[in-house]
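S.K.: What follows is structure_19.tsv, TSV, C-alpha atoms.
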chain	number	residue	atom	x	y	z
A	26	MET	CA	-28.31	-3.24	41.43
A	27	LEU	CA	-28.99	-5.95	38.87
A	28	VAL	CA	-32.36	-4.41	37.98
A	29	LEU	CA	-30.74	-1.00	37.56
A	30	MET	CA	-28.14	-2.49	35.20
A	31	PHE	CA	-30.90	-4.15	33.18
A	32	VAL	CA	-32.86	-0.89	32.92
A	33	CYS	CA	-29.72	1.03	31.86
A	34	GLY	CA	-28.92	-1.58	29.20
A	35	LEU	CA	-32.46	-1.47	27.90
A	36	ALA	CA	-32.33	2.34	27.72
A	37	VAL	CA	-29.03	2.31	25.83
A	38	ALA	CA	-30.27	-0.34	23.41
A	39	THR	CA	-33.44	1.64	22.82
A	40	LEU	CA	-31.52	4.85	22.17
A	41	VAL	CA	-29.20	3.08	19.73
A	42	PHE	CA	-31.56	0.82	17.82
A	43	TRP	CA	-34.78	2.86	17.78
A	44	PRO	CA	-33.50	5.38	15.16
A	45	LEU	CA	-32.14	2.53	13.06
A	46	LEU	CA	-35.50	0.79	13.12
A	47	HIS	CA	-37.29	3.97	12.08
A	48	ARG	CA	-34.81	4.61	9.26
A	49	ALA	CA	-35.27	1.08	7.91
A	50	HIS	CA	-39.05	1.42	8.11
A	51	ARG	CA	-38.94	4.82	6.39
A	52	LYS	CA	-36.74	3.51	3.56
A	53	ALA	CA	-39.02	0.52	3.08
A	54	THR	CA	-42.08	2.73	2.68
A	55	GLU	CA	-40.23	5.11	0.33
A	56	SER	CA	-39.09	2.24	-1.86
A	57	GLN	CA	-42.65	0.95	-2.16
A	58	GLN	CA	-44.02	4.36	-3.14
A	59	ALA	CA	-41.31	5.55	-5.53
A	60	ALA	CA	-40.14	3.83	-8.69
A	61	PRO	CA	-36.73	2.21	-8.34
A	62	HIS	CA	-33.79	4.15	-9.68
A	63	GLY	CA	-30.02	3.73	-9.73
A	64	LYS	CA	-28.02	0.54	-9.98
A	65	HIS	CA	-30.49	-1.55	-8.02
A	66	ALA	CA	-33.17	-0.81	-10.64
A	67	LEU	CA	-31.20	-2.81	-13.19
A	68	ARG	CA	-31.88	-6.11	-11.47
A	69	ALA	CA	-33.54	-8.79	-13.56
A	70	THR	CA	-36.63	-8.85	-11.36
A	71	SER	CA	-37.40	-5.18	-11.77
A	72	ALA	CA	-36.13	-4.72	-15.35
A	73	PRO	CA	-38.62	-5.16	-18.20
A	74	GLU	CA	-38.02	-8.11	-20.49
A	75	GLU	CA	-36.17	-7.20	-23.68
A	76	THR	CA	-35.39	-9.31	-26.67
A	77	ALA	CA	-31.76	-9.64	-27.66
A	78	THR	CA	-32.02	-8.11	-31.13
A	79	THR	CA	-29.16	-5.63	-30.90
A	80	PRO	CA	-25.57	-6.53	-30.15
A	81	ALA	CA	-25.61	-4.39	-27.01
A	82	ALA	CA	-28.72	-6.13	-25.69
A	83	SER	CA	-27.42	-9.61	-26.49
A	84	GLY	CA	-24.36	-9.05	-24.29
A	85	SER	CA	-21.82	-9.85	-27.02
A	86	ASP	CA	-18.64	-7.89	-27.50
A	87	GLU	CA	-19.72	-6.54	-30.87
A	88	LYS	CA	-20.55	-2.97	-31.72
A	89	THR	CA	-22.00	-1.58	-34.90
A	90	ASP	CA	-20.44	1.23	-36.87
A	91	ARG	CA	-22.76	4.15	-37.39
A	92	GLU	CA	-22.65	6.21	-40.55
A	93	GLY	CA	-23.99	9.72	-41.02
A	94	ASP	CA	-27.41	8.55	-42.22
A	95	GLY	CA	-28.02	6.41	-39.11
A	96	GLU	CA	-28.00	2.98	-40.78
A	97	ALA	CA	-26.20	0.18	-39.03
A	98	THR	CA	-23.34	-1.44	-40.94
A	99	GLN	CA	-21.46	-4.63	-40.19
A	100	PRO	CA	-20.69	-5.42	-36.57
A	101	VAL	CA	-17.11	-4.80	-35.45
A	102	LYS	CA	-15.51	-7.20	-32.99
A	103	ILE	CA	-13.82	-5.41	-30.07
A	104	GLU	CA	-11.18	-7.35	-28.20
A	105	ALA	CA	-10.08	-6.42	-24.72
A	106	THR	CA	-6.40	-6.99	-24.15
A	107	ALA	CA	-4.71	-6.91	-20.80
A	108	PRO	CA	-1.73	-4.61	-20.44
A	109	LYS	CA	1.58	-6.37	-20.79
A	110	PRO	CA	3.73	-6.41	-17.68
A	111	ARG	CA	6.73	-4.14	-17.93
A	112	GLU	CA	10.19	-5.07	-16.86
A	113	PRO	CA	11.18	-3.32	-13.65
A	114	GLU	CA	13.43	-0.41	-14.37
A	115	PRO	CA	16.58	-0.19	-12.30
A	116	MET	CA	16.33	2.70	-9.90
A	117	GLU	CA	19.27	4.37	-8.32
A	118	MET	CA	18.94	4.52	-4.59
A	119	PRO	CA	20.60	7.51	-3.02
A	120	GLU	CA	23.15	6.72	-0.38
A	121	LEU	CA	21.99	7.62	3.05
A	122	PRO	CA	24.35	9.83	4.99
A	123	THR	CA	25.60	7.74	7.88
A	124	ASP	CA	27.21	10.58	9.74
A	125	ILE	CA	23.91	12.22	10.72
A	126	PHE	CA	23.76	10.22	13.94
A	127	ASP	CA	27.38	10.94	14.74
A	128	ALA	CA	27.06	14.63	14.01
A	129	ARG	CA	23.84	15.29	15.91
A	130	TYR	CA	23.19	12.67	18.53
A	131	ARG	CA	26.47	11.00	19.49
A	132	ALA	CA	27.16	13.42	22.37
A	133	ARG	CA	23.66	13.03	23.81
A	134	PHE	CA	23.78	9.27	23.38
A	135	ASN	CA	27.10	9.06	25.19
A	136	ARG	CA	25.82	11.23	28.08
A	137	SER	CA	22.69	9.10	28.40
A	138	GLN	CA	24.71	5.91	28.24
A	139	ARG	CA	27.10	7.12	30.97
A	140	ARG	CA	24.14	8.18	33.12
A	141	LEU	CA	22.53	4.74	32.76
A	142	GLU	CA	25.82	3.01	33.62
A	143	ARG	CA	26.22	5.22	36.70
A	144	ILE	CA	22.66	4.46	37.87
A	145	ARG	CA	23.19	0.71	37.29
A	146	ALA	CA	26.39	0.84	39.31
A	147	GLU	CA	24.60	2.67	42.16
A	148	ILE	CA	21.80	0.11	42.15
A	149	ASN	CA	24.27	-2.79	42.16
A	150	ASN	CA	26.28	-1.24	45.00
A	151	ALA	CA	23.15	-0.53	47.04
A	152	GLY	CA	21.78	-4.02	46.54
Represent the structure of the file as structure tokens.

M.R.:
Amino acid sequence: MLVLMFVCGLAVATLVFWPLLHRAHRKATESQQAAPHGKHALRATSAPEETATTPAASGSDEKTDREGDGEATQPVKIEATAPKPREPEPMEMPELPTDIFDARYRARFNRSQRRLERIRAEINNAG
């Protein structure tokens, strides 16, 4: 029985992990053959070295204004400001109708309550 359990566990593990192993192997070979693309291609190891001559390449928060002839003018400092928190506005809560229970379920509740009391009394008298 123990050997049968081991064989079944091995079969299940093979059926589960074998496709995952093949997928990982296939992706590894595809990544070696094809040039990287997407967000992962922007890593420092795969990106070509650039000199920081433009404001965008240097990582500063400055942008240059462009005129119609394509010449760069003075850099413009862009500041990011966080939105200011607003005061909570008072909201009127509608009053919940309290008579819904009374109108719809009071009769059923009373019948169920009487039935439970009668069953409790029968159990106490029998015991």

S.K.: What is the CA of His47 in chain A to CA of Val32 in chain A distance in Å?

M.R.: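 Pair CA of His47 in chain A / CA of Val32 in chain A returns 21.9 Å.
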
S.K.: Please measure the separation of CA of Cys33 in chain A and CA of Leu45 in chain A, giving the value in Å to one decimal.

M.R.: 19.0 Å

S.K.: In Å, how far is it from CA of Ala146 in chain A to CA of Phe134 in chain A?

M.R.: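 Distance reported for this atom pair: 18.2 Å.
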